[in-house]
Structures are given as C-alpha cells and as structure tokens.
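Enquirer: Please find one structure pasted underneath; my questions will follow.
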Amino acid sequence: MLISLLQAIASGVVTGCAYALVALSLVMIYKSTDVINFGGGEMVMIGGYLAMFALLAIGLPYAGAFVFAAVVAFMVGAAFDRVVLDRMLGRALPGQSVLVAMVIATVGLSYVLKGLVRVVPYTEEVRRLAPLFAGDPVFLGPIILQRQDIAIVVIAVLLMRAWWAFFNFTLLGKALRATSQNPRAAALIGIPVRAMRMTIWGIAAIFAAMAGILLGPKLLMTPDMGSVVILAFAAAIVGGFHNLPGCILGGVVLGVVQNLVGLYISSRAIVLTPFVVIMLVLVLRPQGLFGGAVVTKKV
Amino acid sequence: MLEVQTISASYGSVRALEAVSLQVDAGGIVCLLGANGAGKSTTLNCISGVVPSARGRIRCDGRDITGWAIERIVALGIVQVPEGRELFPALSVEENLVLGTWLHRRQRNHGPEFERVYEYFPRLKERRKQAAGFLSGGEQQMLMIGRALMARPKYLLLDEPSLGLSPLLVQQLFEIIARMHRDGIAILLVEQNAKVALSVSEYGYILENGEVRLHGRAKALSEDPEVHAAYLGA
Ligand SMILES: Nc1ncnc2c1ncn2[C@@H]1O[C@H](COP(=O)(O)OP(=O)(O)O)[C@@H](O)[C@H]1O
Ligand SMILES: [Mg+2]
C-alpha cells in the first residue's frame, strides 16, 4: 500500500517535470505578450516528431536529435510571431487591442502544426520514441524507476537551470524580461522590442518541444498528442500563471495528483484531473497555490 | 543640431500636432511648454520614432531621420526619458541601468557610464541592488534619467521630469539637468512647470492645441506679458 503510494508519487514527479517545461513555455509567452498560447500542445507534439525524424530519418544520435528539434522549434515559434502576430500588432490602430484575435491565431497555429506534421513520415501509425537510455530499471528502495524516468528528471532540471541562469545573468535575458515588464521603456533605450518578442516565442517553443522529446517514449505519439497541454495549463494555473517557479511546482503537483487519482479513485478519472484542478483553483484560489495576493501587475 | 520641420501627427481622426517646428542646437538646452494635451509628448514621440509624423521632416546633424526605427534613432544619440514612471519594476536599479547600454553592449566595460550616473545620482548607487518598483517617486525619476544616460545621449529628451515631485526635489533635479547640459548633453525639456523650465533653458517653445504659439529666448519668454498671464501665474 505504502509502496504503491511512493511509486505513484515518484512517477508523478517524473511526468510532472515534463509538464512543468510546457507550463514554463505557456507562462513565458503569457508574461511577455499577454497571449495564451493554445498552440503550446502542438509545439510539444512537433518536438517529439522532430526528434523521431532526426533519429530515424537523419540517423542522428539522441543529443543531435535534441539540438535539431530545438533549432527547428525555435524557428517555428519565432516565425509564427513574425509572420502572424507581429503583423496583427502592426496593423492595429493605436490603443486598439488585437489580443483576442492573437489568441485565436494560436488556435490556428495548433491546427496548422497538426496538419503539417503529417507531411513527416511516422505519423500514419501510432509510435513511441526510443527511450533515451535503455537498460534495466533502477531500484530506489522499493520504488522502481526506468532509466528514461531518471533522464527526464535530470534533463528537465538542467533545462530549468539553464533557463533561470539565462534570464537572470545574461544581458539578452534581462532585455527579454525588461521588454515583458515595460515594452515602451525598453524600446526607448534601443532594445528592439519586436525581435525580443520573437525570441521569447522561439525559446518558449523550444521548452515545449523538449517536453515532447522527454514524453515521447512514455506517451503514444500521434499528431493529437498535443492534448497533454491541458496538464500544463492546469500546472500554470496552480502556479498562478505569473509565477514561473510556481508553475514548475504546479507541474510536479499535477503529475503527482494525476497518479494519486489513478491509484485511489479510478484510472478512468485520470483524464478529468486537470479540469477538476483548474476549476478548483480558479474558484478557491485564483492567484494560484503559491502566489500571495491576486497579481494584477506584470512583474 | 536636431531639427523638427513642420511635422503633423494624429491619432486616428484626432489631430495632435499641426506643422510644429523646433530646433535644438548641439549642446543647447531648450524647453517645450504647454498645458495638458497641447501635444508635447506627441512631439517627443515623433522625434523618437514612436509615433509616425504624417507630414514634415525630422533631421539630426544633417541626416534625415524621418520614419527611422526607434532603435536607430537611439543609436544616433537621441534618447527620450518618457513621462511617468516607465521602469522595469522587477529588475534591480543596476539591471535597469545596464540595459541602457544595450546598443553598445559589445564594448564590455561600462564602468565609466555607471560612474557618471552614480556621480549625478549618488542615491542610485546606495540602492543599486533594490528592485526599481520599490523606489520612491524621485528615485524612479532619477533612475529613468540614469538609464537614458547609459545609452550615451547626445540629445536628451525629458518629458515632464518634475511631475509628481516635491518642490525641493524639483529644484535638485533641475540643478542636475543644468549640470548635464554643462557637461555637453543637449537637452529638450518638456514641462508644464514653465517657471523652473525657463530658468534653466536658453530657448523656449510654447505649444497650444498642437501648434507652436510662441517661441523665443527663455529670458524674453519669461518677461512676455502673455506668457506670464497664461503660464507663470499672477
Ligand atoms: N495614444 C493616444 N491615442 C489617442 N489620442 C491621444 C493619444 N495620446 C495623446 N492623444 C491626444 O493627443 C493630444 C496631445 O497629447 P499629448 O501629446 O500627450 O499632450 P501633452 O503631452 O502636451 O499633455 C491630446 O488631445 C491627447 O488626447
Ligand atoms: Mg505629455
């Protein structure tokens, strides 16, 4: 009994780390552009397929597949901003908001990516990515973890560390934060605001795509696998949607809660978990579990 | 020399500027006065490339910069300190300042720029690790000017720097503005506080409903009976 609880928590933490990456991607975009990216799930999906393409068609090693997927995902995210969102903003009259239209454009992005990915082979049948590390499972006391699980946690943590260092210690990272806090002031000291927004979209796409590669061996890969994004939305809402560390914790919480629901309630209830969590948090604690008061100002 | 030649600008169907011309010599100090809504901020935003001008030209040191992107205009040395408290609130004072060096970030050493800013505003040095959002109104104004100085302005455009400051702080701020001018930075000062603005300026323009109503040497303007009645109080 206790062992199955511990096991459920441990594997919940593992998938939670991947959800956290996707949540980071969503919140990064929201904080700097106010846009909720409904194409986030499809960015996860293309990450998985790009890696599969790199491994099977190009014959790259796994490290190469990560780099290939990151580069292409960056270009997809940045191009979407440049070609679609930037034009929408450019055509808006001063003071006119095109936010709703921009959010709808992200729904469009999700369909475009779902359609485009079918150009790549491997989408006609359900597949899995090869695990990063094959081999016997690892025993942590009574808990069994696959090597892939450990790789997920390690890589997710490394990515988050890199993300944190980038935004706190590099001038480009600071310029990106400055632009999201006050684009007007950033422009007036010569920071190219449009290029910054494009960069944020690119980086956010990388984070989603990396989650896709990490989840690829665990989930069944189909062009519809982007639906995992609902877990990331729930994670971000648990974290308060403004609070980046909060949404990382939110990801882990979601992974664990999902497994506990499967263990104690019913495996059929698992798919409902994110919806129930979203409703509960929005009704009872809209500022998120880790935030203080309701945040209205962007920080 | 920074020259604005008969520019017009509008927001949708609202005409904000009509054939406004003005000029700031290299190293000069000029003020642009007028009531709320006269078009002062719009003038600065046209110069900075934030708001497009429908007609007219803007020239800087012989170059026609009309229609240039904001960052190219900043790179030329025209730096605006906007109205209000336009900071990066979650970044520290030091981080706000270092972002001012964005356009010449390839030169690694920004020590001299930091020193210059801390010399004008010693208060910022004491608070350099604090988040900008926690500064007082006066300190935030100093930080905005400091951040603009980090961008190495040749022409500094100040939009109502005295807004919301106590009379004592306004006086200290204007002493520093005069010092920056003596140190060779040309200043275009937008103010509603005509008295203090004219006292530090060499030349002045008065805007009314988007048009230049009057202009002349600061001394002459402050003695003009019409200006006196409308802007300097009884
Ligand atoms: N973003 C805007 N949208 C529409 N009208 C504006 C905008 N900014 C300024 N205006 C209008 O343009 C005119 C000039 O404004 P502004 O340049 O801000 O004046 P000032 O800085 O002298 O107070 C005013 O009538 C104002 O209402
Ligand atoms: Mg104004």
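In the structure tokens, each chain is lettered A, B, ... as it comes, each chain's residues begin at 1, and ligands are numbered from 1 in order of appearance.
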Can I get the residues close to ligand 1 as an NGL selection string, where close means within 7 Å and we count only C-alpha atoms and all ligand atoms?

Expert: (:A and (94-95)) or (:B and (11 or 14-16 or 34-43 or 210))

Enquirer: Can you list every residue in range 33-239 of chain A that DSSP puts in strand (DSSP E), as a list in words?

Expert: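 After running DSSP on the backbone, range 33-239 of chain A has strand (DSSP E) at Val138, Phe139, Leu140, Ile143, Ile144 and Leu145 of chain A.
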
Enquirer: Go ahead and save the picked residues with C-alpha atoms, as a PDB file, in the first residue's frame.

Expert:
```pdb
ATOM      1  CA  VAL A 138      16.763   1.334 -11.280  1.00  0.00           C
ATOM      2  CA  PHE A 139      15.595   0.470  -7.763  1.00  0.00           C
ATOM      3  CA  LEU A 140      15.393   3.287  -5.248  1.00  0.00           C
ATOM      4  CA  ILE A 143      10.490   2.267  -5.923  1.00  0.00           C
ATOM      5  CA  ILE A 144      11.169   1.220  -9.493  1.00  0.00           C
ATOM      6  CA  LEU A 145      12.231   3.859 -11.967  1.00  0.00           C
TER       7      LEU A 145
END
```

Enquirer: Go through B:Gly56, B:Gly12, B:Gly84, B:Gly164 and flag the residue nearest chain A, using only C-alpha atoms for the distances.

Expert: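 Comparing B:Gly56, B:Gly12, B:Gly84, B:Gly164 against chain A, the winner is B:Gly12.
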
Enquirer: With a distance cut-off of 9 Å and only C-alpha atoms, select the neighbouring residues of Lys195 in chain B, excluding the residue or stretch itself and same-chain residues fewer than 2 positions from it, and output the selection as a list in words.

Expert: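 The residues satisfying every condition are Gln192, Asn193, Ala197, Leu198, Ser199, Ser222, Tyr231 and Leu232 of chain B.
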
Enquirer: If you measure from CA of Leu159 in chain A to CA of Pro217 in chain A, what distance in Å do you get, rounded to one decimal?

Expert: 18.5 Å

Enquirer: Please, which residues of chain B lie no more than 6 Å from chain A when the count uses only C-alpha atoms, and can they be set out as a list of chain:residue names?

Expert: B:Glu71, B:Val74, B:Glu86, B:Phe88, B:Ala90, B:Gly100

Enquirer: Any chance you could export the current selection's N, CA and C atoms as a CSV table (one decimal), in the first residue's frame?

Expert:
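Result went into part-v9.csv, see below:
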```
chain,number,residue,atom,x,y,z
B,71,GLU,N,15.1,52.2,-32.5
B,71,GLU,CA,16.4,51.8,-32.1
B,71,GLU,C,17.5,52.5,-32.9
B,74,VAL,N,17.8,56.0,-31.4
B,74,VAL,CA,18.5,55.9,-30.1
B,74,VAL,C,20.0,55.8,-30.4
B,86,GLU,N,8.3,55.0,-16.1
B,86,GLU,CA,8.4,53.9,-17.0
B,86,GLU,C,9.7,53.1,-16.8
B,88,PHE,N,11.6,49.2,-15.3
B,88,PHE,CA,11.4,47.7,-15.3
B,88,PHE,C,11.3,47.3,-13.8
B,90,ALA,N,10.5,44.9,-11.8
B,90,ALA,CA,11.0,43.7,-11.1
B,90,ALA,C,12.5,43.6,-11.2
B,100,GLY,N,20.4,50.1,-20.3
B,100,GLY,CA,20.7,51.3,-21.1
B,100,GLY,C,21.8,51.2,-22.0
```

Enquirer: Hey, can you check how far CA of Leu263 in chain A sits from CA of Met1 in chain A?

Expert: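 These atoms are spaced 10.1 Å apart.
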
Enquirer: Fewer than 2 positions away in the same chain doesn't count, so skip those; otherwise give me all residues within 8 Å of range 243-247 of chain A, counting only C-alpha atoms, as a list in words.

Expert: Ala20, Ala23, Leu24, Val27, Met28, Ala235, Ala236, Ile237, Val238, Gly239, Gly240, Phe241, Leu249, Gly250, Gly251, Leu289, Phe290 and Gly291 of chain A

Enquirer: Hey, can you spit out that residue selection with all heavy atoms as a tab-separated table (two decimals), in the first residue's frame?

Expert:
```
chain	number	residue	atom	x	y	z
A	20	ALA	N	5.95	20.62	-16.34
A	20	ALA	CA	6.48	21.91	-15.89
A	20	ALA	C	7.17	22.65	-17.04
A	20	ALA	O	7.05	23.87	-17.16
A	20	ALA	CB	7.45	21.70	-14.73
A	23	ALA	N	4.46	24.12	-19.04
A	23	ALA	CA	3.86	25.24	-18.31
A	23	ALA	C	4.76	26.47	-18.40
A	23	ALA	O	4.29	27.60	-18.60
A	23	ALA	CB	3.62	24.85	-16.85
A	24	LEU	N	6.07	26.26	-18.28
A	24	LEU	CA	7.01	27.37	-18.41
A	24	LEU	C	6.86	28.03	-19.77
A	24	LEU	O	6.85	29.26	-19.90
A	24	LEU	CB	8.45	26.87	-18.31
A	24	LEU	CG	9.09	26.80	-16.93
A	24	LEU	CD1	10.51	26.30	-17.07
A	24	LEU	CD2	9.09	28.17	-16.29
A	27	VAL	N	3.68	30.16	-19.77
A	27	VAL	CA	3.72	31.33	-18.91
A	27	VAL	C	4.71	32.36	-19.45
A	27	VAL	O	4.48	33.57	-19.38
A	27	VAL	CB	4.06	30.92	-17.46
A	27	VAL	CG1	4.30	32.14	-16.59
A	27	VAL	CG2	2.93	30.09	-16.89
A	28	MET	N	5.81	31.87	-20.03
A	28	MET	CA	6.79	32.78	-20.64
A	28	MET	C	6.10	33.66	-21.69
A	28	MET	O	6.29	34.87	-21.74
A	28	MET	CB	7.83	31.91	-21.35
A	28	MET	CG	9.25	32.24	-21.06
A	28	MET	SD	10.32	31.23	-22.11
A	28	MET	CE	10.25	29.65	-21.35
A	235	ALA	N	-1.14	23.14	-14.57
A	235	ALA	CA	0.06	23.41	-13.78
A	235	ALA	C	0.29	24.91	-13.66
A	235	ALA	O	0.60	25.43	-12.58
A	235	ALA	CB	1.28	22.75	-14.43
A	236	ALA	N	0.14	25.62	-14.77
A	236	ALA	CA	0.36	27.06	-14.77
A	236	ALA	C	-0.66	27.75	-13.88
A	236	ALA	O	-0.34	28.71	-13.16
A	236	ALA	CB	0.30	27.61	-16.19
A	237	ILE	N	-1.90	27.27	-13.91
A	237	ILE	CA	-2.94	27.89	-13.08
A	237	ILE	C	-2.68	27.61	-11.61
A	237	ILE	O	-2.81	28.49	-10.76
A	237	ILE	CB	-4.33	27.41	-13.54
A	237	ILE	CG1	-4.65	28.09	-14.88
A	237	ILE	CG2	-5.40	27.74	-12.51
A	237	ILE	CD1	-5.85	27.52	-15.59
A	238	VAL	N	-2.25	26.40	-11.30
A	238	VAL	CA	-1.86	26.09	-9.92
A	238	VAL	C	-0.75	27.04	-9.48
A	238	VAL	O	-0.73	27.55	-8.36
A	238	VAL	CB	-1.39	24.62	-9.79
A	238	VAL	CG1	-0.70	24.39	-8.46
A	238	VAL	CG2	-2.57	23.67	-9.94
A	239	GLY	N	0.17	27.33	-10.39
A	239	GLY	CA	1.29	28.21	-10.05
A	239	GLY	C	0.92	29.68	-10.06
A	239	GLY	O	1.71	30.51	-9.64
A	240	GLY	N	-0.24	30.03	-10.53
A	240	GLY	CA	-0.65	31.42	-10.52
A	240	GLY	C	-0.48	32.15	-11.83
A	240	GLY	O	-0.72	33.34	-11.92
A	241	PHE	N	-0.03	31.49	-12.85
A	241	PHE	CA	0.15	32.00	-14.21
A	241	PHE	C	1.13	33.15	-14.38
A	241	PHE	O	1.52	33.51	-15.48
A	241	PHE	CB	-1.19	32.36	-14.88
A	241	PHE	CG	-1.38	31.63	-16.18
A	241	PHE	CD1	-2.24	30.55	-16.28
A	241	PHE	CD2	-0.64	31.98	-17.31
A	241	PHE	CE1	-2.38	29.85	-17.47
A	241	PHE	CE2	-0.77	31.29	-18.50
A	241	PHE	CZ	-1.65	30.22	-18.57
A	249	LEU	N	6.56	24.08	-9.86
A	249	LEU	CA	5.96	23.28	-8.79
A	249	LEU	C	4.59	22.76	-9.21
A	249	LEU	O	4.23	21.61	-8.94
A	249	LEU	CB	5.79	24.15	-7.54
A	249	LEU	CG	6.99	24.21	-6.61
A	249	LEU	CD1	6.72	25.21	-5.49
A	249	LEU	CD2	7.25	22.83	-6.01
A	250	GLY	N	3.82	23.62	-9.89
A	250	GLY	CA	2.50	23.23	-10.36
A	250	GLY	C	2.57	22.00	-11.25
A	250	GLY	O	1.73	21.10	-11.15
A	251	GLY	N	3.57	21.93	-12.11
A	251	GLY	CA	3.74	20.78	-12.99
A	251	GLY	C	3.92	19.51	-12.18
A	251	GLY	O	3.28	18.48	-12.44
A	289	LEU	N	-1.67	28.48	-6.03
A	289	LEU	CA	-1.39	27.97	-4.69
A	289	LEU	C	-0.17	28.62	-4.07
A	289	LEU	O	-0.03	28.65	-2.86
A	289	LEU	CB	-1.16	26.44	-4.76
A	289	LEU	CG	-2.32	25.60	-5.26
A	289	LEU	CD1	-2.03	24.13	-5.05
A	289	LEU	CD2	-3.61	25.99	-4.56
A	290	PHE	N	0.73	29.14	-4.90
A	290	PHE	CA	1.99	29.62	-4.34
A	290	PHE	C	2.11	31.13	-4.35
A	290	PHE	O	3.03	31.68	-3.78
A	290	PHE	CB	3.17	29.01	-5.10
A	290	PHE	CG	3.02	27.53	-5.27
A	290	PHE	CD1	2.78	26.99	-6.51
A	290	PHE	CD2	3.10	26.70	-4.16
A	290	PHE	CE1	2.63	25.61	-6.65
A	290	PHE	CE2	2.94	25.34	-4.30
A	290	PHE	CZ	2.70	24.79	-5.55
A	291	GLY	N	1.18	31.82	-5.03
A	291	GLY	CA	1.28	33.27	-5.07
A	291	GLY	C	0.75	33.87	-3.79
A	291	GLY	O	0.15	33.20	-2.96
```

Enquirer: Could you tell me, as a ChimeraX atom specification, which residues of range 85-185 of chain B DSSP assigns to helix (DSSP H, G or I) when given the backbone?

Expert: /B:93-99,102-104,111-120,122-126,132-134,137-150,167-182

Enquirer: Using only C-alpha atoms, which residues sit within 7 Å of range 133-140 of chain B once same-chain residues fewer than 4 positions away are excluded, as JSON, numbers by chain?

Expert: {"B": [85, 89, 90, 144, 165, 169]}

Enquirer: Those same residues, written as a JSON list (two decimals), in the first residue's frame with N, CA and C atoms?

Expert:
```json
[["chain", "number", "residue", "atom", "x", "y", "z"],
["B", 85, "ARG", "N", 6.36, 56.84, -14.80],
["B", 85, "ARG", "CA", 7.36, 56.01, -14.12],
["B", 85, "ARG", "C", 7.62, 54.77, -14.96],
["B", 89, "PRO", "N", 10.08, 47.31, -13.29],
["B", 89, "PRO", "CA", 9.90, 47.29, -11.82],
["B", 89, "PRO", "C", 10.49, 46.09, -11.12],
["B", 90, "ALA", "N", 10.53, 44.93, -11.78],
["B", 90, "ALA", "CA", 11.03, 43.74, -11.09],
["B", 90, "ALA", "C", 12.54, 43.58, -11.22],
["B", 144, "MET", "N", 15.22, 56.69, -14.29],
["B", 144, "MET", "CA", 14.89, 56.80, -15.72],
["B", 144, "MET", "C", 15.92, 57.66, -16.45],
["B", 165, "LEU", "N", 6.79, 65.46, -8.22],
["B", 165, "LEU", "CA", 7.87, 65.58, -7.25],
["B", 165, "LEU", "C", 7.64, 66.81, -6.35],
["B", 169, "LEU", "N", 12.62, 68.53, -4.38],
["B", 169, "LEU", "CA", 13.17, 67.56, -5.33],
["B", 169, "LEU", "C", 13.23, 68.14, -6.73]]
```
